[in-house]
Each structure stands twice: as structure tokens, then as C-alpha cells.
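Student: Provided herewith is a single structure, encoded as C-alpha cells, for subsequent inquiry.
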2 protein chains.
Amino acid sequence: MQAIIEGCRAGSIPAEVVVVVSDVASAPALERARSFGVEGVFVDPNRFAGRREFDRAVLRALEERRVDLVLLAGFMRILGPEFVRAFRGRMMNIHPSLLPAFPGLEAQRQALEYGVKYSGCTVHFVDEGVDTGPIILQAVVPVSEDDTAETLAERILAEEHRIYPEAVRLYAEGRLAVEGRRVRVLAGSGGRRSD
Amino acid sequence: MQAIIEGCRAGSIPAEVVVVVSDVASAPALERARSFGVEGVFVDPNRFAGRREFDRAVLRALEERRVDLVLLAGFMRILGPEFVRAFRGRMMNIHPSLLPAFPGLEAQRQALEYGVKYSGCTVHFVDEGVDTGPIILQAVVPVSEDDTAETLAERILAEEHRIYPEAVRLYAEGRLAVEGRRVRVLAGSGGRRSD
């Protein structure tokens, strides 16, 4: 979150972070956002009868602020189909594995236990499934033999901080073309081109 | 196959290829093997009542020649549990994806259709599942936007030719330690160390 706010501030991402929403009142992200002058909104899940009502409250908060792009980051709830529909092609998530390998929770631990030699992270558009949407960017990270879930997670996180802002930049520059499951990166006017 | 025979001949792999077995009489691999002075054996599936009998005939052919390590390469039959047990930890396969992503047939096409940004290949020990055994080595290959299944397969194949001989070398040097699902590469006496 901070990397993206900073990218927007510095002008490397032509966008503005207008609101950070959390379902945890004490989330450090809310405080951090406010320290950057970004509005932090806590939506209390206990105030709603069910998931759908909670989703609608979040949706309303975003629509009121005319949010164009939603970025999930450490958001541990699954958003329902209504929410997904409202932001189809306009909602991203980052996942700490090379999807489709190791979706779901504790991806780094899953990778270690499976015994892969490479893992990484994936920025993808969100669809109705869990970590199944069209892939925007991926980064590869080698797994070393003495890795723990923690050391692997740390190495992956460094790449997450690189590719998530990059994906947002490409979106803000209008350079992501979704064709079925495949996301194409269009050439930029500045001649920069992402891999 | 040829890369491994050549590696053995050149001395970079301390092993000898004693026999190549195919279930296809006209398989070019048999002719190629013979051109290297390696015995090529055709085991005719039609001569056997079922898969188990076929497996046993192959097993017998290998045991008669005191084969230590079995390498699957383009072998499109699934070997039964009896065969797998006989060569547990002594039978490798190479698969054209970063397993556990895209097991089974047409892995390169699966990867393209899913829309991943990186694929690759995996050398693994064979267990009872399809492409599920402990991973020995992997190599990563970027997927480009104009890739077809054919161009991607070609790029992956170049890496297959690199890591399969490397995995055989490590095995022949006694440097592979299987611990559950994880395969550790032990340091070599020559100071070379694989990634």
C-alpha cells in the first residue's frame, strides 16, 4: 500500500489513492494511510447481517468516492459475486505464489512443503474464484534449501513491492488489455515496456 | 535422450546409458540410441493382456540389464504402482511446466491458455501420481505475448535439454537427498553446486 501511495505521490504512477478500507479497526494500514493524508475507512463487519451486506457497505464507500480501481492487499475476506461484478477488470489482488500454483492461504508454506525450486508472486484481476483471475504480472523468486516460510515470504515480498505498483501504473496508463484469460501489456508512449 | 547419452560419453555425467526402451516400434529414439551404440528395445504393448503385464515386461528388460536409474522422456504411458515401487527414488521424469502448475498433457498449451507470465520445466522423481513426485530441478522460461504453444514449447525444450542431464549427473554423483517431498542437492566434491 505504501509503495503505491508513494508511487502516486512521486508521479511514477499517474493515479491518486483516495481511500484505504479495512475490516479491522486497528489495522496499521489505516493509520499509515492517514499519515499520508489518505482517508482511512474502517467498515465494521459486525455491523452487518451477512457478507452481502458488508460487501454492499464497502461498495458504497468506494462508489461514493468514485473509485476507479480497487487494490486488495492483505484483505482476508472473500468478496461476493455482486462486488466482483461491480469492479470486474477494475480490481486487482496480489498473491505470494506463481499462480495457478498454491492458491489460497499460506502460499509460501505450501510452496516450501511441495518442494518447488522457484516460487514468486502474481498480480491478477479478481474474478469469482479464489486467486483465479487473469494474470497481469508475475515475478519469480528462487527457493533456497534452507528457506523457512518466513525467509521465503520476505524474498517474495520484495518482489510484491515491485510488481504491484508496476501493475497499477500500467492500468493507470491504460496499457492493460484483457483478452479472455490473457492480459496483454500495450506499449507505452514513453517507449517503456513492461515484461 | 541424446543430450544425456552425449553427457555420459563426454564424461560430464558419470554414468552409462545401457538401454533405451520404447512402446513404439518406429520411435526415432530407438534408431538414435542404436546410432550411439546403445541398445534399443521395443516392447510391444499389443503382446500383453493389459497394462500390468506390459509394465512387467519393461521391468524385466530393465532388471536384466541391471538398470539403476530409469529416465522417462516422452513416454506417454502411465506406469503402474508395481513399476513405480520397483524404481522409487530411481526413476525420473521431465515435464514442460513449473509443477505443480499444469500437470498432464499439453502443459505448454495449458500455460498459454491460463495466461501465466512464466512457465518452465521440472525434473522430478516419479511417484504414483501424474507429475506429482518430488521435484529435483526446475528452470523458468518467460512467456511472451506472441507465443504459440509451439514457440513456448521450443523455448522450454532448450531448458529441458539443460536440466535433465544436470539432474542425472547429480544422481550419478550421489548428490540427491530426498527428504519427504523435498529434494536436497548435496555439495559436490568438485565445488560445483547446482541451483
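Each chain in the C-alpha cells gets a letter, A, B and so on, in the order shown; residues start at 1 in every chain, and ligands are counted from 1 in the order they appear.
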Listing only residues of chain A within 10 Å of chain B, what is the closest atom pair and its distance in Å (to one decimal) for each, using only C-alpha atoms, sorted by chain and residue number ascending, as a Markdown table?

Tutor:
```
| residue | atom | partner | partner_atom | distance |
| --- | --- | --- | --- | --- |
| A:Leu98 | CA | B:Tyr118 | CA | 8.2 |
| A:Leu99 | CA | B:Val116 | CA | 7.6 |
| A:Pro100 | CA | B:Ala101 | CA | 6.0 |
| A:Ala101 | CA | B:Ala101 | CA | 5.2 |
| A:Phe102 | CA | B:Pro100 | CA | 8.3 |
| A:Ala111 | CA | B:Pro100 | CA | 9.3 |
| A:Leu112 | CA | B:Arg182 | CA | 8.1 |
| A:Glu113 | CA | B:Arg181 | CA | 6.9 |
| A:Tyr114 | CA | B:Arg181 | CA | 6.1 |
| A:Gly115 | CA | B:Arg182 | CA | 4.6 |
| A:Val116 | CA | B:Ile135 | CA | 6.3 |
| A:Lys117 | CA | B:Gln138 | CA | 6.0 |
| A:Tyr118 | CA | B:Gln138 | CA | 7.2 |
| A:Ser119 | CA | B:Leu98 | CA | 9.3 |
| A:Thr122 | CA | B:Val116 | CA | 9.1 |
| A:Thr132 | CA | B:Tyr114 | CA | 9.3 |
| A:Gly133 | CA | B:Tyr114 | CA | 9.3 |
| A:Pro134 | CA | B:Gly115 | CA | 6.8 |
| A:Ile135 | CA | B:Gly115 | CA | 6.2 |
| A:Ile136 | CA | B:Lys117 | CA | 8.1 |
| A:Leu137 | CA | B:Lys117 | CA | 6.6 |
| A:Gln138 | CA | B:Lys117 | CA | 6.0 |
| A:Ala139 | CA | B:Tyr118 | CA | 8.1 |
| A:Val140 | CA | B:Tyr118 | CA | 7.9 |
| A:Pro142 | CA | B:Asp195 | CA | 8.9 |
| A:Val143 | CA | B:Asp195 | CA | 9.5 |
| A:Ser144 | CA | B:Asp195 | CA | 8.4 |
| A:Glu145 | CA | B:Arg184 | CA | 6.7 |
| A:Asp146 | CA | B:Arg184 | CA | 9.7 |
| A:Glu179 | CA | B:Gly115 | CA | 9.6 |
| A:Gly180 | CA | B:Glu113 | CA | 8.9 |
| A:Arg181 | CA | B:Gly115 | CA | 5.8 |
| A:Arg182 | CA | B:Gly115 | CA | 4.6 |
| A:Val183 | CA | B:Gly115 | CA | 7.0 |
| A:Arg184 | CA | B:Glu145 | CA | 6.7 |
| A:Val185 | CA | B:Glu145 | CA | 8.3 |
| A:Asp195 | CA | B:Ser144 | CA | 8.2 |
```

Student: Report as number ranges by chain: the residues of chain A with a DSSP assignment of strand (DSSP E), based on the backbone of this structure.

Tutor: A: 19-22, 39-42, 70-72, 91-95, 118-125, 135-142, 176-179, 182-185

Student: What lies within 10 Å of Val130 (chain A) using only C-alpha atoms, ignoring chain neighbours under 3 positions off, as a list in words?

Tutor: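 In the requested form, the answer reads Ile78, Leu79, Pro103, Gly104, Leu105, Val126, Asp127 and Gly133 of chain A.
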
Student: Report as a list in words all protein, DNA and RNA residues lying within 9 Å of region 8-16 of chain B, evaluated on only C-alpha atoms, omitting residues in the same chain fewer than 6 positions from it.

Tutor: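 Residues meeting the cut-off are Pro165, Glu166, Val168, Arg169, Leu170, Ala172 and Glu173 of chain B.
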
Student: Neighbours of region 71-73 of chain A within 6 Å (only C-alpha atoms; same-chain residues fewer than 2 positions away dropped), as a VMD selection string?

Tutor: chain A and resid 75 91 to 93

Student: Selected residues, all heavy atoms, written as a PDB file, in the first residue's frame, please.

Tutor:
```pdb
ATOM      1  N   PHE A  75      -6.195  -8.377   2.296  1.00  0.00           N
ATOM      2  CA  PHE A  75      -7.623  -8.358   2.649  1.00  0.00           C
ATOM      3  C   PHE A  75      -8.098  -9.807   2.705  1.00  0.00           C
ATOM      4  O   PHE A  75      -8.091 -10.500   1.690  1.00  0.00           O
ATOM      5  CB  PHE A  75      -8.398  -7.567   1.595  1.00  0.00           C
ATOM      6  CG  PHE A  75      -9.827  -7.285   1.962  1.00  0.00           C
ATOM      7  CD1 PHE A  75     -10.117  -6.363   2.959  1.00  0.00           C
ATOM      8  CD2 PHE A  75     -10.874  -7.920   1.312  1.00  0.00           C
ATOM      9  CE1 PHE A  75     -11.447  -6.079   3.297  1.00  0.00           C
ATOM     10  CE2 PHE A  75     -12.196  -7.646   1.648  1.00  0.00           C
ATOM     11  CZ  PHE A  75     -12.482  -6.729   2.655  1.00  0.00           C
ATOM     12  N   MET A  91     -10.381  -4.461 -10.427  1.00  0.00           N
ATOM     13  CA  MET A  91      -9.988  -4.858  -9.070  1.00  0.00           C
ATOM     14  C   MET A  91      -8.844  -5.841  -9.186  1.00  0.00           C
ATOM     15  O   MET A  91      -8.936  -6.841  -9.886  1.00  0.00           O
ATOM     16  CB  MET A  91     -11.167  -5.482  -8.319  1.00  0.00           C
ATOM     17  CG  MET A  91     -10.774  -6.035  -6.957  1.00  0.00           C
ATOM     18  SD  MET A  91     -12.171  -6.225  -5.778  1.00  0.00           S
ATOM     19  CE  MET A  91     -13.292  -7.257  -6.694  1.00  0.00           C
ATOM     20  N   MET A  92      -7.750  -5.531  -8.491  1.00  0.00           N
ATOM     21  CA  MET A  92      -6.562  -6.382  -8.532  1.00  0.00           C
ATOM     22  C   MET A  92      -6.301  -6.993  -7.164  1.00  0.00           C
ATOM     23  O   MET A  92      -6.686  -6.461  -6.136  1.00  0.00           O
ATOM     24  CB  MET A  92      -5.330  -5.561  -8.921  1.00  0.00           C
ATOM     25  CG  MET A  92      -5.362  -4.944 -10.293  1.00  0.00           C
ATOM     26  SD  MET A  92      -3.800  -4.026 -10.605  1.00  0.00           S
ATOM     27  CE  MET A  92      -4.170  -3.334 -12.226  1.00  0.00           C
ATOM     28  N   ASN A  93      -5.595  -8.111  -7.195  1.00  0.00           N
ATOM     29  CA  ASN A  93      -5.103  -8.730  -5.970  1.00  0.00           C
ATOM     30  C   ASN A  93      -3.662  -9.140  -6.206  1.00  0.00           C
ATOM     31  O   ASN A  93      -3.251  -9.352  -7.338  1.00  0.00           O
ATOM     32  CB  ASN A  93      -5.944  -9.968  -5.618  1.00  0.00           C
ATOM     33  CG  ASN A  93      -5.498 -10.620  -4.324  1.00  0.00           C
ATOM     34  OD1 ASN A  93      -5.116  -9.937  -3.368  1.00  0.00           O
ATOM     35  ND2 ASN A  93      -5.518 -11.946  -4.283  1.00  0.00           N
TER      36      ASN A  93
END
```

Student: If I take CA of Ala25 (chain B) and CA of Phe42 (chain B), how far is one from the other in Å, to one decimal?

Tutor: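 Separation of CA of Ala25 (chain B) and CA of Phe42 (chain B): 5.6 Å.
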
Student: Which is closer to Glu64 (chain A) than all the others in A:Ala3, A:Ile163, A:Val18, A:Val178, using only C-alpha atoms?

Tutor: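 Looking only at the distances to Glu64 (chain A), the closest residue turns out to be A:Val18.
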
Student: Taking into account only C-alpha atoms, which residue in the set B:Ala29, B:Ala61, B:Leu152, B:Ala187 is nearest to Gly74 (chain B)?

Tutor: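 Once distances to Gly74 (chain B) are computed over only C-alpha atoms, the minimum belongs to B:Ala29.
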
Student: Among the residues of region 56-124 of chain B, find those DSSP assigns to helix (DSSP H, G or I) from the backbone and print them as a PDB file with N, CA and C atoms, in the first residue's frame.

Tutor:
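Result saved to selection.pdb:
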```pdb
ATOM      1  N   ARG B  56       5.352 -55.236 -16.477  1.00  0.00           N
ATOM      2  CA  ARG B  56       6.272 -56.288 -16.013  1.00  0.00           C
ATOM      3  C   ARG B  56       7.317 -56.620 -17.068  1.00  0.00           C
ATOM      4  N   ALA B  57       6.909 -56.593 -18.340  1.00  0.00           N
ATOM      5  CA  ALA B  57       7.864 -56.877 -19.417  1.00  0.00           C
ATOM      6  C   ALA B  57       8.949 -55.803 -19.457  1.00  0.00           C
ATOM      7  N   VAL B  58       8.537 -54.549 -19.280  1.00  0.00           N
ATOM      8  CA  VAL B  58       9.524 -53.458 -19.266  1.00  0.00           C
ATOM      9  C   VAL B  58      10.434 -53.607 -18.050  1.00  0.00           C
ATOM     10  N   LEU B  59       9.801 -53.872 -16.918  1.00  0.00           N
ATOM     11  CA  LEU B  59      10.552 -54.050 -15.669  1.00  0.00           C
ATOM     12  C   LEU B  59      11.607 -55.143 -15.842  1.00  0.00           C
ATOM     13  N   ARG B  60      11.192 -56.256 -16.438  1.00  0.00           N
ATOM     14  CA  ARG B  60      12.108 -57.392 -16.649  1.00  0.00           C
ATOM     15  C   ARG B  60      13.276 -56.957 -17.544  1.00  0.00           C
ATOM     16  N   ALA B  61      12.955 -56.244 -18.614  1.00  0.00           N
ATOM     17  CA  ALA B  61      14.011 -55.785 -19.540  1.00  0.00           C
ATOM     18  C   ALA B  61      15.031 -54.910 -18.805  1.00  0.00           C
ATOM     19  N   LEU B  62      14.537 -54.065 -17.904  1.00  0.00           N
ATOM     20  CA  LEU B  62      15.443 -53.175 -17.174  1.00  0.00           C
ATOM     21  C   LEU B  62      16.255 -53.949 -16.140  1.00  0.00           C
ATOM     22  N   GLU B  63      15.580 -54.872 -15.451  1.00  0.00           N
ATOM     23  CA  GLU B  63      16.278 -55.616 -14.392  1.00  0.00           C
ATOM     24  C   GLU B  63      17.342 -56.537 -14.980  1.00  0.00           C
ATOM     25  N   GLU B  64      17.026 -57.127 -16.109  1.00  0.00           N
ATOM     26  CA  GLU B  64      18.019 -57.999 -16.767  1.00  0.00           C
ATOM     27  C   GLU B  64      19.306 -57.233 -17.072  1.00  0.00           C
ATOM     28  N   PRO B  81       1.592 -48.938 -10.193  1.00  0.00           N
ATOM     29  CA  PRO B  81       2.208 -48.842  -8.865  1.00  0.00           C
ATOM     30  C   PRO B  81       3.332 -49.857  -8.642  1.00  0.00           C
ATOM     31  N   GLU B  82       3.204 -51.031  -9.272  1.00  0.00           N
ATOM     32  CA  GLU B  82       4.230 -52.051  -9.085  1.00  0.00           C
ATOM     33  C   GLU B  82       5.564 -51.557  -9.655  1.00  0.00           C
ATOM     34  N   PHE B  83       5.468 -50.983 -10.848  1.00  0.00           N
ATOM     35  CA  PHE B  83       6.655 -50.447 -11.513  1.00  0.00           C
ATOM     36  C   PHE B  83       7.244 -49.293 -10.707  1.00  0.00           C
ATOM     37  N   VAL B  84       6.356 -48.412 -10.269  1.00  0.00           N
ATOM     38  CA  VAL B  84       6.796 -47.234  -9.508  1.00  0.00           C
ATOM     39  C   VAL B  84       7.504 -47.669  -8.231  1.00  0.00           C
ATOM     40  N   ARG B  85       6.946 -48.694  -7.565  1.00  0.00           N
ATOM     41  CA  ARG B  85       7.573 -49.194  -6.330  1.00  0.00           C
ATOM     42  C   ARG B  85       8.970 -49.734  -6.612  1.00  0.00           C
ATOM     43  N   ALA B  86       9.089 -50.475  -7.711  1.00  0.00           N
ATOM     44  CA  ALA B  86      10.372 -51.112  -8.029  1.00  0.00           C
ATOM     45  C   ALA B  86      11.474 -50.080  -8.243  1.00  0.00           C
ATOM     46  N   ALA B 107       1.021 -29.322 -21.568  1.00  0.00           N
ATOM     47  CA  ALA B 107       1.303 -28.370 -20.485  1.00  0.00           C
ATOM     48  C   ALA B 107       1.584 -26.969 -21.032  1.00  0.00           C
ATOM     49  N   GLN B 108       2.252 -26.911 -22.165  1.00  0.00           N
ATOM     50  CA  GLN B 108       2.593 -25.596 -22.720  1.00  0.00           C
ATOM     51  C   GLN B 108       1.326 -24.870 -23.172  1.00  0.00           C
ATOM     52  N   ARG B 109       0.405 -25.617 -23.784  1.00  0.00           N
ATOM     53  CA  ARG B 109      -0.859 -25.011 -24.190  1.00  0.00           C
ATOM     54  C   ARG B 109      -1.674 -24.583 -22.966  1.00  0.00           C
ATOM     55  N   GLN B 110      -1.708 -25.449 -21.958  1.00  0.00           N
ATOM     56  CA  GLN B 110      -2.402 -25.100 -20.714  1.00  0.00           C
ATOM     57  C   GLN B 110      -1.868 -23.772 -20.153  1.00  0.00           C
ATOM     58  N   ALA B 111      -0.544 -23.644 -20.148  1.00  0.00           N
ATOM     59  CA  ALA B 111       0.082 -22.437 -19.579  1.00  0.00           C
ATOM     60  C   ALA B 111      -0.323 -21.194 -20.372  1.00  0.00           C
ATOM     61  N   LEU B 112      -0.278 -21.324 -21.695  1.00  0.00           N
ATOM     62  CA  LEU B 112      -0.672 -20.197 -22.547  1.00  0.00           C
ATOM     63  C   LEU B 112      -2.114 -19.811 -22.314  1.00  0.00           C
ATOM     64  N   GLU B 113      -2.978 -20.822 -22.267  1.00  0.00           N
ATOM     65  CA  GLU B 113      -4.408 -20.536 -22.122  1.00  0.00           C
ATOM     66  C   GLU B 113      -4.721 -19.950 -20.751  1.00  0.00           C
ATOM     67  N   TYR B 114      -3.963 -20.359 -19.745  1.00  0.00           N
ATOM     68  CA  TYR B 114      -4.187 -19.789 -18.416  1.00  0.00           C
ATOM     69  C   TYR B 114      -3.741 -18.331 -18.375  1.00  0.00           C
TER      70      TYR B 114
END
```
